Amino acid sequence: METKNKFGKKGWIPERITSLAGKTYLITGTTSGTGFEAARILLSKGAKVVMLNRNANKSEATIATLKRELGDAINVSFIPMDLAEQASVKKAAEEVLTKVPKIDALICNAAIAQVPKQTFTVDGFESQLGVNHYGNFLLQAMLYPRIEASNGRIVVVGSMGYNLGIKTIQFEDMNWDKNYGPNDVYSQSKLAQIMSVYELQRRLHKAGKSNVKVYACHPGASATSLIKTSGGLMLRFIWQIMKLTPMVQSAEKGSYPEVMCATEEDLDQTAFYGPTGRNYWTGPVGECQLELHAKDKTVAKKLWDLSEKQTNFKWNF
């Protein structure tokens, strides 16, 4: 589906970035895939990057890889965080608030997908909703005061999968005890993430907080390890084949939307960004159509209130 692109035929590309010297970016899930590529691009432009990952060994290896490619002078560091554990998110956020004086953008990139059987986080949440929505919701809430003080941004990496399941939030059974399906629940978690972006925009507008910008984007169909990490055997097999076709783009190109949302000036916050080609899988990065159910204000408000209750943390605007 081609749409008119404000960035021209090529869409948004990293060459639009001049220098990011003095800027600080926090990125979740940077040991591979789009998160790694986003970190690499931002560092190559002179930014400081703080990685939030659950695996310390992989994080150290990632830092070593980035320094080999970009030089030892790059400013990159790591803070441990597991989005599946609310206590870990709180600890990481507290460490960020101690060590990172400025946040130009928090990029919520990390996610799990297509978990074949119903599993739960230590806090009792269905795992995909717990990681993709509740974990990110709490992280954003705790870091919001620092982001506000920095005139910064929050960038949430959603997925076109938001439109593949039911077209609302299943409030009566949030853990999907009755009708669990890997794709349906993944879709639900991504819908929740995206709905919360636009609800946050509305709440910031109501509170008169125009200096904080919040964006939703998606990576399209990108050659990452997301399915390999948590998907079932058959799905992993199919995905490996798809990655060899033109239907799937590189992880580097998949990172463009989140980097754009973190750096580009004069973006429409009410838009949804990603590849604009057929099915929004690949193609030039620009504005994509977002289905109306993802901006349902009544459902979004109910989800927000529930999320504050479930994470036991109230946003402070």
# chains A, B, ... in the order shown; residues from 1 in each chain; ligands from 1
>>> residues_around(residues="segment 269-278 of chain A", least_positions_apart="4", cutoff="10 Å", atoms="only C-alpha atoms", output="PyMOL selection string")
chain A and resi 1-5+11-12+157-160+194+197-198+201-202+213-221+247+249+253-258+260-261+282-291+295
>>> closest_residue(among="A:Leu106, A:Ala84, A:Ile74, A:Val185", to="Ile27 of chain A", atoms="only C-alpha atoms")
A:Leu106
>>> atom_distance(atom1="atom CA of Asp123 of chain A", atom2="atom CA of Ala87 of chain A")
9.0 Å
>>> select_by_dssp(residues="segment 45-217 of chain A", states="helix (DSSP H, G or I)", output="JSON, numbers by chain")
{"A": [56, 57, 58, 59, 60, 61, 62, 63, 64, 65, 66, 67, 68, 69, 70, 86, 87, 88, 89, 90, 91, 92, 93, 94, 95, 96, 97, 98, 99, 127, 128, 129, 130, 131, 132, 133, 134, 135, 136, 137, 138, 139, 140, 141, 142, 143, 144, 145, 146, 147, 148, 149, 160, 161, 162, 163, 171, 172, 173, 182, 183, 184, 185, 186, 187, 188, 189, 190, 191, 192, 193, 194, 195, 196, 197, 198, 199, 200, 201, 202, 203, 204, 205, 206]}
>>> closest_residue(among="A:Gly152, A:Pro145, A:Gly124, A:Pro182", to="Thr311 of chain A", atoms="only C-alpha atoms")
A:Gly124
>>> select_by_dssp(residues="segment 56-250 of chain A", states="strand (DSSP E)", output="list in words")
Asn75, Val76, Ser77, Phe78, Ile79, Pro80, Ala105, Leu106, Ile107, Cys108, Arg153, Ile154, Val155, Val156, Val157, Lys213, Val214, Tyr215, Ala216 and Cys217 of chain A
>>> closest_residue(among="A:Asp82, A:Thr121, A:Asn136, A:Ala105", to="Glu148 of chain A", atoms="only C-alpha atoms")
A:Ala105
>>> atom_distance(atom1="atom CA of Asp72 of chain A", atom2="atom CA of Lys99 of chain A")
20.7 Å
>>> closest_residue(among="A:Val89, A:Ala38, A:Ala294, A:Ala262", to="Asn53 of chain A", atoms="only C-alpha atoms")
A:Val89
>>> closest_residue(among="A:Asn163, A:Val155, A:Gln140, A:Glu126", to="Asp177 of chain A", atoms="only C-alpha atoms")
A:Glu126
>>> residues_around(residues="Leu52 of chain A", least_positions_apart="2", cutoff="10 Å", atoms="only C-alpha atoms", output="list in words")
Leu26, Ile27, Thr28, Gly29, Thr30, Thr31, Val49, Val50, Arg54, Asn55, Ala56, Ser59, Ser77, Phe78, Ile79, Pro80, Met81, Asp82, Leu83, Val89, Ala92, Ala93, Val96, Ile107, Cys108, Asn109 and Ala110 of chain A
>>> closest_residue(among="A:Trp315, A:Trp304, A:Phe7, A:Phe120", to="Ile169 of chain A", atoms="only C-alpha atoms")
A:Trp304
>>> residues_around(residues="Thr263 of chain A", least_positions_apart="5", cutoff="10 Å", atoms="only C-alpha atoms", output="count of residues only")
11
>>> atom_distance(atom1="atom CA of Trp176 of chain A", atom2="atom CA of Gln86 of chain A")
20.0 Å
>>> residues_around(residues="Glu172 of chain A", least_positions_apart="6", cutoff="12 Å", atoms="only C-alpha atoms", output="PyMOL selection string")
chain A and resi 178-179+303+306
